[in-house]
file protein_33.pdb (PDB, C-alpha atoms, pLDDT in the B column)
MODEL        1
ATOM      1  CA  MET A  95       2.957 -10.625  13.446  1.00 84.00           C
ATOM      2  CA  PRO A  96       2.772  -9.547   9.772  1.00 93.00           C
ATOM      3  CA  ARG A  97       4.313 -12.087   7.412  1.00 96.00           C
ATOM      4  CA  ILE A  98       6.402 -10.988   4.430  1.00 97.00           C
ATOM      5  CA  LEU A  99       7.197 -13.268   1.494  1.00 97.00           C
ATOM      6  CA  VAL A 100      10.571 -12.359  -0.036  1.00 97.00           C
ATOM      7  CA  VAL A 101      11.150 -13.804  -3.514  1.00 97.00           C
ATOM      8  CA  ASP A 102      14.620 -13.544  -5.055  1.00 96.00           C
ATOM      9  CA  ASP A 103      17.024 -16.085  -6.534  1.00 95.00           C
ATOM     10  CA  GLU A 104      19.959 -14.271  -4.902  1.00 94.00           C
ATOM     11  CA  LYS A 105      20.170 -15.735  -1.400  1.00 95.00           C
ATOM     12  CA  ASN A 106      22.307 -12.870  -0.100  1.00 95.00           C
ATOM     13  CA  ILE A 107      19.506 -10.415  -0.965  1.00 94.00           C
ATOM     14  CA  VAL A 108      16.924 -12.642   0.723  1.00 96.00           C
ATOM     15  CA  GLU A 109      19.054 -12.801   3.869  1.00 96.00           C
ATOM     16  CA  LEU A 110      19.705  -9.047   3.793  1.00 95.00           C
ATOM     17  CA  LEU A 111      15.973  -8.376   3.660  1.00 96.00           C
ATOM     18  CA  ARG A 112      15.241 -11.044   6.240  1.00 96.00           C
ATOM     19  CA  PHE A 113      17.655  -9.408   8.690  1.00 96.00           C
ATOM     20  CA  ASN A 114      16.209  -5.913   8.200  1.00 95.00           C
ATOM     21  CA  LEU A 115      12.558  -6.991   8.241  1.00 96.00           C
ATOM     22  CA  GLU A 116      12.881  -9.277  11.259  1.00 96.00           C
ATOM     23  CA  ARG A 117      14.645  -6.482  13.109  1.00 94.00           C
ATOM     24  CA  GLU A 118      11.403  -4.514  12.700  1.00 93.00           C
ATOM     25  CA  GLY A 119       9.363  -7.337  14.183  1.00 93.00           C
ATOM     26  CA  LEU A 120       8.136  -8.827  10.893  1.00 95.00           C
ATOM     27  CA  GLU A 121       8.060 -12.525  10.047  1.00 96.00           C
ATOM     28  CA  VAL A 122       9.827 -13.501   6.814  1.00 97.00           C
ATOM     29  CA  ILE A 123       9.293 -16.497   4.552  1.00 97.00           C
ATOM     30  CA  ALA A 124      11.323 -16.962   1.373  1.00 97.00           C
ATOM     31  CA  ALA A 125      11.103 -18.344  -2.142  1.00 97.00           C
ATOM     32  CA  TYR A 126      13.915 -18.570  -4.688  1.00 97.00           C
ATOM     33  CA  ASP A 127      12.072 -19.174  -7.966  1.00 97.00           C
ATOM     34  CA  GLY A 128       8.702 -18.379  -9.513  1.00 96.00           C
ATOM     35  CA  ARG A 129       7.058 -21.704  -8.745  1.00 97.00           C
ATOM     36  CA  GLN A 130       8.032 -21.512  -5.084  1.00 97.00           C
ATOM     37  CA  ALA A 131       6.717 -17.951  -5.001  1.00 97.00           C
ATOM     38  CA  ILE A 132       3.253 -18.978  -6.218  1.00 96.00           C
ATOM     39  CA  GLU A 133       3.139 -21.916  -3.798  1.00 96.00           C
ATOM     40  CA  GLN A 134       4.239 -19.790  -0.828  1.00 96.00           C
ATOM     41  CA  ALA A 135       1.770 -17.044  -1.718  1.00 96.00           C
ATOM     42  CA  ARG A 136      -1.081 -19.560  -1.762  1.00 94.00           C
ATOM     43  CA  ASN A 137      -0.093 -21.601   1.279  1.00 94.00           C
ATOM     44  CA  GLY A 138       2.028 -19.273   3.417  1.00 92.00           C
ATOM     45  CA  LYS A 139      -0.653 -16.579   3.732  1.00 90.00           C
ATOM     46  CA  PRO A 140       1.736 -13.594   3.511  1.00 96.00           C
ATOM     47  CA  ASP A 141       0.513 -10.071   4.241  1.00 95.00           C
ATOM     48  CA  LEU A 142       2.842  -8.624   1.600  1.00 95.00           C
ATOM     49  CA  ILE A 143       5.178  -9.914  -1.121  1.00 97.00           C
ATOM     50  CA  ILE A 144       8.550  -8.504  -2.191  1.00 97.00           C
ATOM     51  CA  LEU A 145       8.956  -9.978  -5.666  1.00 96.00           C
ATOM     52  CA  ASP A 146      12.030  -9.914  -7.902  1.00 93.00           C
ATOM     53  CA  ILE A 147      11.374  -9.849 -11.648  1.00 91.00           C
ATOM     54  CA  MET A 148      14.323 -11.946 -12.856  1.00 90.00           C
ATOM     55  CA  LEU A 149      13.487 -15.373 -11.409  1.00 94.00           C
ATOM     56  CA  PRO A 150      14.168 -18.961 -12.528  1.00 95.00           C
ATOM     57  CA  LEU A 151      11.317 -21.138 -13.905  1.00 95.00           C
ATOM     58  CA  ILE A 152       8.663 -18.391 -13.889  1.00 95.00           C
ATOM     59  CA  ASP A 153       9.630 -14.719 -14.005  1.00 93.00           C
ATOM     60  CA  GLY A 154       8.263 -12.243 -11.500  1.00 92.00           C
ATOM     61  CA  LEU A 155       5.930 -10.535 -13.967  1.00 91.00           C
ATOM     62  CA  GLU A 156       4.183 -13.831 -14.736  1.00 94.00           C
ATOM     63  CA  VAL A 157       4.085 -14.677 -11.026  1.00 95.00           C
ATOM     64  CA  CYS A 158       2.316 -11.367 -10.391  1.00 92.00           C
ATOM     65  CA  ARG A 159      -0.146 -12.044 -13.232  1.00 90.00           C
ATOM     66  CA  GLN A 160      -0.996 -15.486 -11.857  1.00 93.00           C
ATOM     67  CA  LEU A 161      -1.425 -14.198  -8.306  1.00 93.00           C
ATOM     68  CA  ASN A 162      -3.799 -11.505  -9.544  1.00 87.00           C
ATOM     69  CA  ARG A 163      -5.979 -14.107 -11.274  1.00 87.00           C
ATOM     70  CA  GLN A 164      -6.568 -16.072  -8.068  1.00 88.00           C
ATOM     71  CA  PRO A 165      -9.155 -14.807  -5.530  1.00 85.00           C
ATOM     72  CA  GLU A 166      -7.090 -16.042  -2.567  1.00 89.00           C
ATOM     73  CA  THR A 167      -3.966 -14.098  -3.607  1.00 91.00           C
ATOM     74  CA  ARG A 168      -5.149 -11.157  -5.725  1.00 85.00           C
ATOM     75  CA  ASN A 169      -5.399  -8.758  -2.783  1.00 83.00           C
ATOM     76  CA  ILE A 170      -1.915  -9.406  -1.388  1.00 91.00           C
ATOM     77  CA  PRO A 171       0.166  -6.217  -1.890  1.00 90.00           C
ATOM     78  CA  VAL A 172       3.215  -6.731  -4.129  1.00 93.00           C
ATOM     79  CA  ILE A 173       6.387  -4.655  -4.195  1.00 93.00           C
ATOM     80  CA  MET A 174       8.397  -5.418  -7.332  1.00 90.00           C
ATOM     81  CA  LEU A 175      12.166  -5.621  -6.924  1.00 88.00           C
ATOM     82  CA  SER A 176      14.417  -5.610  -9.972  1.00 82.00           C
ATOM     83  CA  ALA A 177      17.661  -4.407 -11.486  1.00 78.00           C
ATOM     84  CA  LYS A 178      15.633  -3.149 -14.416  1.00 68.00           C
ATOM     85  CA  GLY A 179      15.243   0.580 -13.940  1.00 63.00           C
ATOM     86  CA  ASP A 180      13.692   1.669 -17.228  1.00 65.00           C
ATOM     87  CA  GLU A 181      10.411   3.540 -16.935  1.00 66.00           C
ATOM     88  CA  LEU A 182       8.685   1.033 -19.218  1.00 68.00           C
ATOM     89  CA  ASP A 183       9.636  -1.808 -16.885  1.00 70.00           C
ATOM     90  CA  LYS A 184       8.194   0.079 -13.921  1.00 71.00           C
ATOM     91  CA  ILE A 185       4.965   0.800 -15.787  1.00 74.00           C
ATOM     92  CA  LEU A 186       4.645  -2.835 -16.876  1.00 75.00           C
ATOM     93  CA  GLY A 187       5.059  -4.026 -13.294  1.00 76.00           C
ATOM     94  CA  LEU A 188       2.379  -1.623 -12.103  1.00 77.00           C
ATOM     95  CA  GLU A 189       0.077  -2.465 -15.014  1.00 77.00           C
ATOM     96  CA  ILE A 190      -0.023  -6.154 -14.099  1.00 79.00           C
ATOM     97  CA  GLY A 191      -0.943  -5.438 -10.499  1.00 78.00           C
ATOM     98  CA  ALA A 192       2.118  -4.526  -8.439  1.00 84.00           C
ATOM     99  CA  ASP A 193       1.539  -1.876  -5.766  1.00 83.00           C
ATOM    100  CA  ASP A 194       5.058  -0.478  -5.877  1.00 84.00           C
ATOM    101  CA  TYR A 195       8.401  -0.867  -7.655  1.00 84.00           C
ATOM    102  CA  VAL A 196      11.902  -0.634  -6.177  1.00 87.00           C
ATOM    103  CA  THR A 197      15.031  -0.699  -8.325  1.00 86.00           C
ATOM    104  CA  LYS A 198      18.250  -2.485  -7.391  1.00 86.00           C
ATOM    105  CA  PRO A 199      20.578  -1.463  -5.884  1.00 86.00           C
ATOM    106  CA  PHE A 200      18.227  -0.340  -3.152  1.00 87.00           C
ATOM    107  CA  SER A 201      18.399   1.040   0.353  1.00 89.00           C
ATOM    108  CA  PRO A 202      17.219  -1.666   2.805  1.00 91.00           C
ATOM    109  CA  ARG A 203      16.048   1.092   5.123  1.00 89.00           C
ATOM    110  CA  GLU A 204      13.852   2.668   2.449  1.00 87.00           C
ATOM    111  CA  LEU A 205      12.462  -0.699   1.331  1.00 91.00           C
ATOM    112  CA  VAL A 206      11.559  -1.620   4.911  1.00 91.00           C
ATOM    113  CA  ALA A 207       9.899   1.793   5.287  1.00 87.00           C
ATOM    114  CA  ARG A 208       7.809   1.101   2.196  1.00 87.00           C
ATOM    115  CA  VAL A 209       6.821  -2.307   3.525  1.00 91.00           C
ATOM    116  CA  LYS A 210       5.754  -0.849   6.869  1.00 88.00           C
ATOM    117  CA  ALA A 211       3.869   1.971   5.153  1.00 81.00           C
ATOM    118  CA  ARG A 212       1.970  -0.517   3.015  1.00 81.00           C
ATOM    119  CA  LEU A 213       1.141  -2.683   6.023  1.00 84.00           C
ATOM    120  CA  ARG A 214      -0.232   0.371   7.842  1.00 77.00           C
ATOM    121  CA  ARG A 215      -2.664   0.895   4.987  1.00 67.00           C
ATOM    122  CA  LEU A 216      -4.163  -2.535   5.604  1.00 62.00           C
ATOM    123  CA  GLN A 217      -5.583  -1.146   8.873  1.00 57.00           C
ATOM    124  CA  PRO A 218      -7.051   2.336   8.330  1.00 47.00           C
ATOM    125  CA  CYS A 219      -6.200   4.598  11.266  1.00 42.00           C
ATOM    126  CA  ALA A 220      -7.282   8.007  12.402  1.00 40.00           C
ATOM    127  CA  GLU A 221      -4.860  10.797  13.166  1.00 41.00           C
ATOM    128  CA  ASP A 222      -4.574   9.732  16.798  1.00 39.00           C
ATOM    129  CA  GLY A 223      -3.631   6.194  15.828  1.00 39.00           C
ATOM    130  CA  GLU A 224      -6.994   4.660  16.724  1.00 38.00           C
ATOM    131  CA  PRO A 225      -8.847   2.598  14.079  1.00 36.00           C
ATOM    132  CA  GLU A 226     -10.756   4.901  11.738  1.00 42.00           C
ATOM    133  CA  ASP A 227     -14.516   4.580  11.372  1.00 40.00           C
ATOM    134  CA  VAL A 228     -14.995   4.305   7.628  1.00 44.00           C
ATOM    135  CA  GLY A 229     -18.572   3.037   7.749  1.00 55.00           C
ATOM    136  CA  GLY A 230     -21.485   4.307   5.700  1.00 77.00           C
ATOM    137  CA  ARG A 231     -22.415   4.818   2.085  1.00 85.00           C
ATOM    138  CA  MET A 232     -21.274   7.646  -0.150  1.00 89.00           C
ATOM    139  CA  VAL A 233     -23.758   8.347  -2.944  1.00 89.00           C
ATOM    140  CA  LEU A 234     -22.247  10.414  -5.741  1.00 89.00           C
ATOM    141  CA  GLY A 235     -24.491  10.575  -8.791  1.00 88.00           C
ATOM    142  CA  ARG A 236     -24.586   7.077 -10.302  1.00 90.00           C
ATOM    143  CA  LEU A 237     -21.736   5.926  -8.070  1.00 91.00           C
ATOM    144  CA  VAL A 238     -22.155   4.411  -4.605  1.00 92.00           C
ATOM    145  CA  ILE A 239     -19.197   3.711  -2.310  1.00 92.00           C
ATOM    146  CA  ASP A 240     -20.205   1.287   0.436  1.00 90.00           C
ATOM    147  CA  GLN A 241     -17.480   1.623   3.049  1.00 84.00           C
ATOM    148  CA  ASP A 242     -18.901  -1.066   5.338  1.00 81.00           C
ATOM    149  CA  ARG A 243     -18.837  -3.699   2.609  1.00 82.00           C
ATOM    150  CA  PHE A 244     -15.751  -2.332   0.856  1.00 83.00           C
ATOM    151  CA  GLU A 245     -17.755  -2.204  -2.386  1.00 88.00           C
ATOM    152  CA  VAL A 246     -18.315   0.235  -5.222  1.00 92.00           C
ATOM    153  CA  LEU A 247     -21.547   0.160  -7.243  1.00 92.00           C
ATOM    154  CA  VAL A 248     -22.325   1.930 -10.501  1.00 93.00           C
ATOM    155  CA  ASP A 249     -25.992   1.899 -11.530  1.00 92.00           C
ATOM    156  CA  GLY A 250     -26.416  -0.840  -8.920  1.00 90.00           C
ATOM    157  CA  GLU A 251     -23.710  -3.062 -10.441  1.00 92.00           C
ATOM    158  CA  LYS A 252     -20.777  -4.089  -8.240  1.00 91.00           C
ATOM    159  CA  GLN A 253     -17.338  -3.121  -9.534  1.00 90.00           C
ATOM    160  CA  ASP A 254     -14.263  -5.357  -9.311  1.00 86.00           C
ATOM    161  CA  LEU A 255     -11.770  -2.905  -7.816  1.00 86.00           C
ATOM    162  CA  THR A 256      -8.476  -3.694  -6.160  1.00 82.00           C
ATOM    163  CA  PRO A 257      -7.991  -2.472  -2.571  1.00 80.00           C
ATOM    164  CA  LYS A 258      -5.737   0.334  -3.796  1.00 83.00           C
ATOM    165  CA  GLU A 259      -8.261   1.480  -6.419  1.00 88.00           C
ATOM    166  CA  PHE A 260     -10.996   1.456  -3.770  1.00 89.00           C
ATOM    167  CA  GLU A 261      -8.860   3.508  -1.365  1.00 88.00           C
ATOM    168  CA  LEU A 262      -8.034   6.070  -4.064  1.00 92.00           C
ATOM    169  CA  LEU A 263     -11.656   6.453  -5.108  1.00 94.00           C
ATOM    170  CA  ARG A 264     -12.959   6.674  -1.544  1.00 92.00           C
ATOM    171  CA  PHE A 265     -10.326   9.204  -0.513  1.00 93.00           C
ATOM    172  CA  MET A 266     -10.884  11.595  -3.429  1.00 94.00           C
ATOM    173  CA  ALA A 267     -14.664  11.188  -3.409  1.00 92.00           C
ATOM    174  CA  GLY A 268     -14.679  12.132   0.264  1.00 90.00           C
ATOM    175  CA  GLU A 269     -13.850  15.719  -0.737  1.00 92.00           C
ATOM    176  CA  PRO A 270     -15.442  16.371  -4.151  1.00 92.00           C
ATOM    177  CA  GLY A 271     -13.909  19.246  -6.049  1.00 93.00           C
ATOM    178  CA  LYS A 272     -10.667  19.266  -4.057  1.00 94.00           C
ATOM    179  CA  VAL A 273      -7.469  18.822  -6.060  1.00 95.00           C
ATOM    180  CA  PHE A 274      -4.965  16.309  -4.710  1.00 95.00           C
ATOM    181  CA  SER A 275      -1.356  16.272  -5.841  1.00 93.00           C
ATOM    182  CA  ARG A 276       0.275  12.961  -6.710  1.00 90.00           C
ATOM    183  CA  GLU A 277       2.618  13.405  -3.765  1.00 88.00           C
ATOM    184  CA  HIS A 278      -0.309  13.890  -1.395  1.00 90.00           C
ATOM    185  CA  LEU A 279      -2.026  10.772  -2.722  1.00 90.00           C
ATOM    186  CA  LEU A 280       1.194   8.774  -2.299  1.00 85.00           C
ATOM    187  CA  GLU A 281       1.377   9.914   1.307  1.00 83.00           C
ATOM    188  CA  LYS A 282      -2.280   9.293   2.168  1.00 84.00           C
ATOM    189  CA  ILE A 283      -2.969   6.117   0.171  1.00 83.00           C
ATOM    190  CA  TRP A 284       0.434   4.449   0.074  1.00 78.00           C
ATOM    191  CA  GLY A 285       1.519   5.849   3.434  1.00 73.00           C
ATOM    192  CA  TYR A 286       4.849   7.173   2.177  1.00 64.00           C
ATOM    193  CA  ASP A 287       6.489   9.912   4.185  1.00 58.00           C
ATOM    194  CA  PHE A 288       9.358  10.060   1.705  1.00 53.00           C
ATOM    195  CA  PRO A 289       9.487  10.840  -2.048  1.00 56.00           C
ATOM    196  CA  GLY A 290       7.914   8.123  -4.183  1.00 59.00           C
ATOM    197  CA  ASP A 291       7.362   7.509  -7.883  1.00 65.00           C
ATOM    198  CA  SER A 292       4.297   9.498  -8.929  1.00 73.00           C
ATOM    199  CA  ARG A 293       3.872   7.118 -11.872  1.00 79.00           C
ATOM    200  CA  THR A 294       2.388   4.697  -9.340  1.00 82.00           C
ATOM    201  CA  VAL A 295      -0.551   7.064  -8.831  1.00 88.00           C
ATOM    202  CA  ASP A 296      -1.013   7.645 -12.565  1.00 90.00           C
ATOM    203  CA  VAL A 297      -1.205   3.920 -13.339  1.00 87.00           C
ATOM    204  CA  HIS A 298      -3.740   3.208 -10.590  1.00 89.00           C
ATOM    205  CA  ILE A 299      -5.898   6.168 -11.642  1.00 93.00           C
ATOM    206  CA  ARG A 300      -5.824   4.909 -15.240  1.00 91.00           C
ATOM    207  CA  HIS A 301      -6.881   1.414 -14.147  1.00 88.00           C
ATOM    208  CA  LEU A 302      -9.722   2.897 -12.121  1.00 92.00           C
ATOM    209  CA  ARG A 303     -10.965   4.955 -15.052  1.00 93.00           C
ATOM    210  CA  GLN A 304     -10.769   1.976 -17.418  1.00 91.00           C
ATOM    211  CA  LYS A 305     -13.038  -0.041 -15.128  1.00 91.00           C
ATOM    212  CA  LEU A 306     -15.601   2.765 -15.075  1.00 93.00           C
ATOM    213  CA  GLU A 307     -15.524   3.511 -18.816  1.00 91.00           C
ATOM    214  CA  LYS A 308     -18.302   1.058 -19.686  1.00 90.00           C
ATOM    215  CA  TYR A 309     -20.676   3.448 -17.910  1.00 91.00           C
ATOM    216  CA  PRO A 310     -20.844   6.564 -20.116  1.00 90.00           C
ATOM    217  CA  GLY A 311     -19.762   9.645 -18.211  1.00 91.00           C
ATOM    218  CA  VAL A 312     -18.794   7.927 -14.950  1.00 91.00           C
ATOM    219  CA  ALA A 313     -15.068   7.690 -15.680  1.00 91.00           C
ATOM    220  CA  GLN A 314     -15.167  11.474 -16.100  1.00 92.00           C
ATOM    221  CA  TYR A 315     -15.999  11.821 -12.402  1.00 94.00           C
ATOM    222  CA  ILE A 316     -12.217  11.571 -11.913  1.00 95.00           C
ATOM    223  CA  GLU A 317     -10.572  14.600 -13.471  1.00 95.00           C
ATOM    224  CA  THR A 318      -6.934  15.322 -14.215  1.00 95.00           C
ATOM    225  CA  VAL A 319      -5.728  18.773 -13.221  1.00 94.00           C
ATOM    226  CA  ARG A 320      -2.784  19.343 -15.498  1.00 90.00           C
ATOM    227  CA  GLY A 321       0.484  19.988 -13.709  1.00 88.00           C
ATOM    228  CA  VAL A 322      -1.093  19.389 -10.295  1.00 90.00           C
ATOM    229  CA  GLY A 323      -2.829  16.052  -9.813  1.00 93.00           C
ATOM    230  CA  TYR A 324      -6.390  14.710  -9.661  1.00 96.00           C
ATOM    231  CA  ARG A 325      -9.807  15.495  -8.236  1.00 95.00           C
ATOM    232  CA  PHE A 326     -13.203  13.857  -7.958  1.00 95.00           C
ATOM    233  CA  ARG A 327     -15.567  16.357  -9.480  1.00 92.00           C
ATOM    234  CA  GLU A 328     -18.707  17.471  -7.717  1.00 89.00           C
ATOM    235  CA  VAL A 329     -21.588  15.359  -8.995  1.00 82.00           C
ATOM    236  CA  PRO A 330     -25.229  16.497  -8.725  1.00 72.00           C
ATOM    237  CA  ASP A 331     -27.521  14.174  -6.774  1.00 62.00           C
TER     238      ASP A 331
ENDMDL
END

call {"tool": "encode", "arguments": {"input": "protein_33.pdb", "output": "structure tokens"}}
result
Amino acid sequence: MPRILVVDDEKNIVELLRFNLEREGLEVIAAYDGRQAIEQARNGKPDLIILDIMLPLIDGLEVCRQLNRQPETRNIPVIMLSAKGDELDKILGLEIGADDYVTKPFSPRELVARVKARLRRLQPCAEDGEPEDVGGRMVLGRLVIDQDRFEVLVDGEKQDLTPKEFELLRFMAGEPGKVFSREHLLEKIWGYDFPGDSRTVDVHIRHLRQKLEKYPGVAQYIETVRGVGYRFREVPD
């Protein structure tokens, strides 16, 4: 049973989410301040964290930063939850490692749908619902995507990518030259079958490019198609 850590200092919100998540067959553990959140993330082994920004003791942004520094917690998906709705707040949350951002007041039904969509991405599936065979190596110029080891190499050097960055790169590189809209990437990588914030895609693409920039020319493998989306350009062998 997937375990969800809900972090919010408002107990009525925690209980609202607990009711809706447990109704979908998910296990819920709770924390009410930033210190509890870090402890529960380390010891409770959650599959996903719903994290409020405005928390006592340690705010949610700092909690997210600390979780991303620790190997045992850095790959846990985080959905930020906050009354702050400004675009800059959303970007900041995504920049420090959150996978998604939901603004209060929120629809419990939509939030649960986002949680379930993110959990589905933890187990790649084929169209018929069976586990997808993602084995093998993709060699694209100086870039190698090792799908068996979940690794990306550039000039033989392993890259420190997050799971979401790896999924984005693998998906686009699987069809070089094809242009993908932000909405399509949200659906395929985040699993959303409802409108999402395309800024999420932009931030993750930017992070991916920044990690590849130390290799001259490699970051340019990922091209922006203005007004449409992104593509992985065709790279000669």

call {"tool": "closest_residue", "arguments": {"input": "protein_33.pdb", "among": "A:Ser292, A:Gln134, A:Thr197, A:Thr318", "to": "Leu279 in chain A", "atoms": "only C-alpha atoms"}}
result
A:Ser292

call {"tool": "closest_residue", "arguments": {"input": "protein_33.pdb", "among": "A:Pro270, A:Gly128, A:Pro140, A:Gly321", "to": "Gly235 in chain A", "atoms": "all atoms listed in the file"}}
result
A:Pro270

call {"tool": "closest_residue", "arguments": {"input": "protein_33.pdb", "among": "A:Val322, A:Ile132, A:Leu262, A:Val233", "to": "Glu277 in chain A", "atoms": "only C-alpha atoms"}}
result
A:Val322

call {"tool": "closest_residue", "arguments": {"input": "protein_33.pdb", "among": "A:Leu142, A:Asn137, A:Asn169, A:Leu175", "to": "Asp103 in chain A", "atoms": "all atoms listed in the file"}}
result
A:Leu175

call {"tool": "resolve_selection", "arguments": {"input": "protein_33.pdb", "expression": "the PyMOL selection byres ((chain A and resi 177) around 12)", "output": "ChimeraX atom specification"}}
result
/A:102,145-149,174-176,178-180,183-184,195-200

call {"tool": "atom_distance", "arguments": {"input": "protein_33.pdb", "atom1": "CA of Arg97 in chain A", "atom2": "CA of Thr294 in chain A"}}
result
23.8 Å

call {"tool": "atom_distance", "arguments": {"input": "protein_33.pdb", "atom1": "CA of Gly250 in chain A", "atom2": "CA of Leu234 in chain A"}}
result
12.4 Å

call {"tool": "atom_distance", "arguments": {"input": "protein_33.pdb", "atom1": "CA of Gly271 in chain A", "atom2": "CA of Asp194 in chain A"}}
result
27.4 Å

call {"tool": "closest_residue", "arguments": {"input": "protein_33.pdb", "among": "A:Glu269, A:Glu118, A:Glu245, A:Asp254", "to": "Arg325 in chain A", "atoms": "only C-alpha atoms"}}
result
A:Glu269

call {"tool": "residues_around", "arguments": {"input": "protein_33.pdb", "residues": "Ile316 in chain A", "least_positions_apart": "4", "cutoff": "8 Å", "atoms": "only C-alpha atoms", "output": "list in words"}}
result
Arg303, Tyr324, Arg325, Phe326 and Arg327 of chain A

call {"tool": "residues_around", "arguments": {"input": "protein_33.pdb", "residues": "Val297 in chain A", "least_positions_apart": "6", "cutoff": "10 Å", "atoms": "all atoms listed in the file", "output": "CSV table (one decimal) with C-alpha atoms, in the frame of the given file"}}
result
chain,number,residue,atom,x,y,z
A,185,ILE,CA,5.0,0.8,-15.8
A,186,LEU,CA,4.6,-2.8,-16.9
A,188,LEU,CA,2.4,-1.6,-12.1
A,189,GLU,CA,0.1,-2.5,-15.0
A,191,GLY,CA,-0.9,-5.4,-10.5
A,193,ASP,CA,1.5,-1.9,-5.8
A,303,ARG,CA,-11.0,5.0,-15.1

call {"tool": "resolve_selection", "arguments": {"input": "protein_33.pdb", "expression": "the PyMOL selection byres ((chain A and resi 206) around 12)", "output": "number ranges by chain"}}
result
A: 98, 100, 110-120, 142, 144, 173, 196, 200-205, 207-213, 286

call {"tool": "build_atoms", "arguments": {"input": "protein_33.pdb", "residues": "range 306-324 of chain A", "atoms": "N, CA and C atoms", "output": "PDB file, keeping the file's coordinate frame"}}
result
ATOM      1  N   LEU A 306     -14.355   1.996 -15.119  1.00 93.00           N
ATOM      2  CA  LEU A 306     -15.601   2.765 -15.075  1.00 93.00           C
ATOM      3  C   LEU A 306     -16.071   3.206 -16.460  1.00 93.00           C
ATOM      4  N   GLU A 307     -15.237   2.979 -17.485  1.00 91.00           N
ATOM      5  CA  GLU A 307     -15.524   3.511 -18.816  1.00 91.00           C
ATOM      6  C   GLU A 307     -16.750   2.898 -19.471  1.00 91.00           C
ATOM      7  N   LYS A 308     -17.138   1.683 -19.043  1.00 90.00           N
ATOM      8  CA  LYS A 308     -18.302   1.058 -19.686  1.00 90.00           C
ATOM      9  C   LYS A 308     -19.606   1.747 -19.284  1.00 90.00           C
ATOM     10  N   TYR A 309     -19.520   2.654 -18.314  1.00 91.00           N
ATOM     11  CA  TYR A 309     -20.676   3.448 -17.910  1.00 91.00           C
ATOM     12  C   TYR A 309     -20.460   4.875 -18.424  1.00 91.00           C
ATOM     13  N   PRO A 310     -21.110   5.251 -19.506  1.00 90.00           N
ATOM     14  CA  PRO A 310     -20.844   6.564 -20.116  1.00 90.00           C
ATOM     15  C   PRO A 310     -20.907   7.707 -19.113  1.00 90.00           C
ATOM     16  N   GLY A 311     -19.827   8.460 -19.057  1.00 91.00           N
ATOM     17  CA  GLY A 311     -19.762   9.645 -18.211  1.00 91.00           C
ATOM     18  C   GLY A 311     -19.218   9.416 -16.818  1.00 91.00           C
ATOM     19  N   VAL A 312     -19.205   8.166 -16.333  1.00 91.00           N
ATOM     20  CA  VAL A 312     -18.794   7.927 -14.950  1.00 91.00           C
ATOM     21  C   VAL A 312     -17.279   8.047 -14.785  1.00 91.00           C
ATOM     22  N   ALA A 313     -16.524   7.576 -15.771  1.00 91.00           N
ATOM     23  CA  ALA A 313     -15.068   7.690 -15.680  1.00 91.00           C
ATOM     24  C   ALA A 313     -14.639   9.153 -15.585  1.00 91.00           C
ATOM     25  N   GLN A 314     -15.488  10.044 -16.128  1.00 92.00           N
ATOM     26  CA  GLN A 314     -15.167  11.474 -16.100  1.00 92.00           C
ATOM     27  C   GLN A 314     -15.380  12.097 -14.722  1.00 92.00           C
ATOM     28  N   TYR A 315     -15.918  11.320 -13.776  1.00 94.00           N
ATOM     29  CA  TYR A 315     -15.999  11.821 -12.402  1.00 94.00           C
ATOM     30  C   TYR A 315     -14.601  12.124 -11.865  1.00 94.00           C
ATOM     31  N   ILE A 316     -13.608  11.382 -12.354  1.00 95.00           N
ATOM     32  CA  ILE A 316     -12.217  11.571 -11.913  1.00 95.00           C
ATOM     33  C   ILE A 316     -11.519  12.442 -12.937  1.00 95.00           C
ATOM     34  N   GLU A 317     -11.146  13.628 -12.546  1.00 95.00           N
ATOM     35  CA  GLU A 317     -10.572  14.600 -13.471  1.00 95.00           C
ATOM     36  C   GLU A 317      -9.081  14.793 -13.213  1.00 95.00           C
ATOM     37  N   THR A 318      -8.354  14.981 -14.298  1.00 95.00           N
ATOM     38  CA  THR A 318      -6.934  15.322 -14.215  1.00 95.00           C
ATOM     39  C   THR A 318      -6.787  16.837 -14.215  1.00 95.00           C
ATOM     40  N   VAL A 319      -6.049  17.345 -13.264  1.00 94.00           N
ATOM     41  CA  VAL A 319      -5.728  18.773 -13.221  1.00 94.00           C
ATOM     42  C   VAL A 319      -4.284  18.898 -13.663  1.00 94.00           C
ATOM     43  N   ARG A 320      -4.099  19.365 -14.872  1.00 90.00           N
ATOM     44  CA  ARG A 320      -2.784  19.343 -15.498  1.00 90.00           C
ATOM     45  C   ARG A 320      -1.741  20.067 -14.654  1.00 90.00           C
ATOM     46  N   GLY A 321      -0.614  19.391 -14.451  1.00 88.00           N
ATOM     47  CA  GLY A 321       0.484  19.988 -13.709  1.00 88.00           C
ATOM     48  C   GLY A 321       0.313  19.945 -12.200  1.00 88.00           C
ATOM     49  N   VAL A 322      -0.833  19.414 -11.738  1.00 90.00           N
ATOM     50  CA  VAL A 322      -1.093  19.389 -10.295  1.00 90.00           C
ATOM     51  C   VAL A 322      -1.376  17.975  -9.810  1.00 90.00           C
ATOM     52  N   GLY A 323      -2.466  17.373 -10.300  1.00 93.00           N
ATOM     53  CA  GLY A 323      -2.829  16.052  -9.813  1.00 93.00           C
ATOM     54  C   GLY A 323      -4.219  15.656 -10.269  1.00 93.00           C
ATOM     55  N   TYR A 324      -5.070  15.234  -9.331  1.00 96.00           N
ATOM     56  CA  TYR A 324      -6.390  14.710  -9.661  1.00 96.00           C
ATOM     57  C   TYR A 324      -7.433  15.228  -8.677  1.00 96.00           C
TER      58      TYR A 324
END
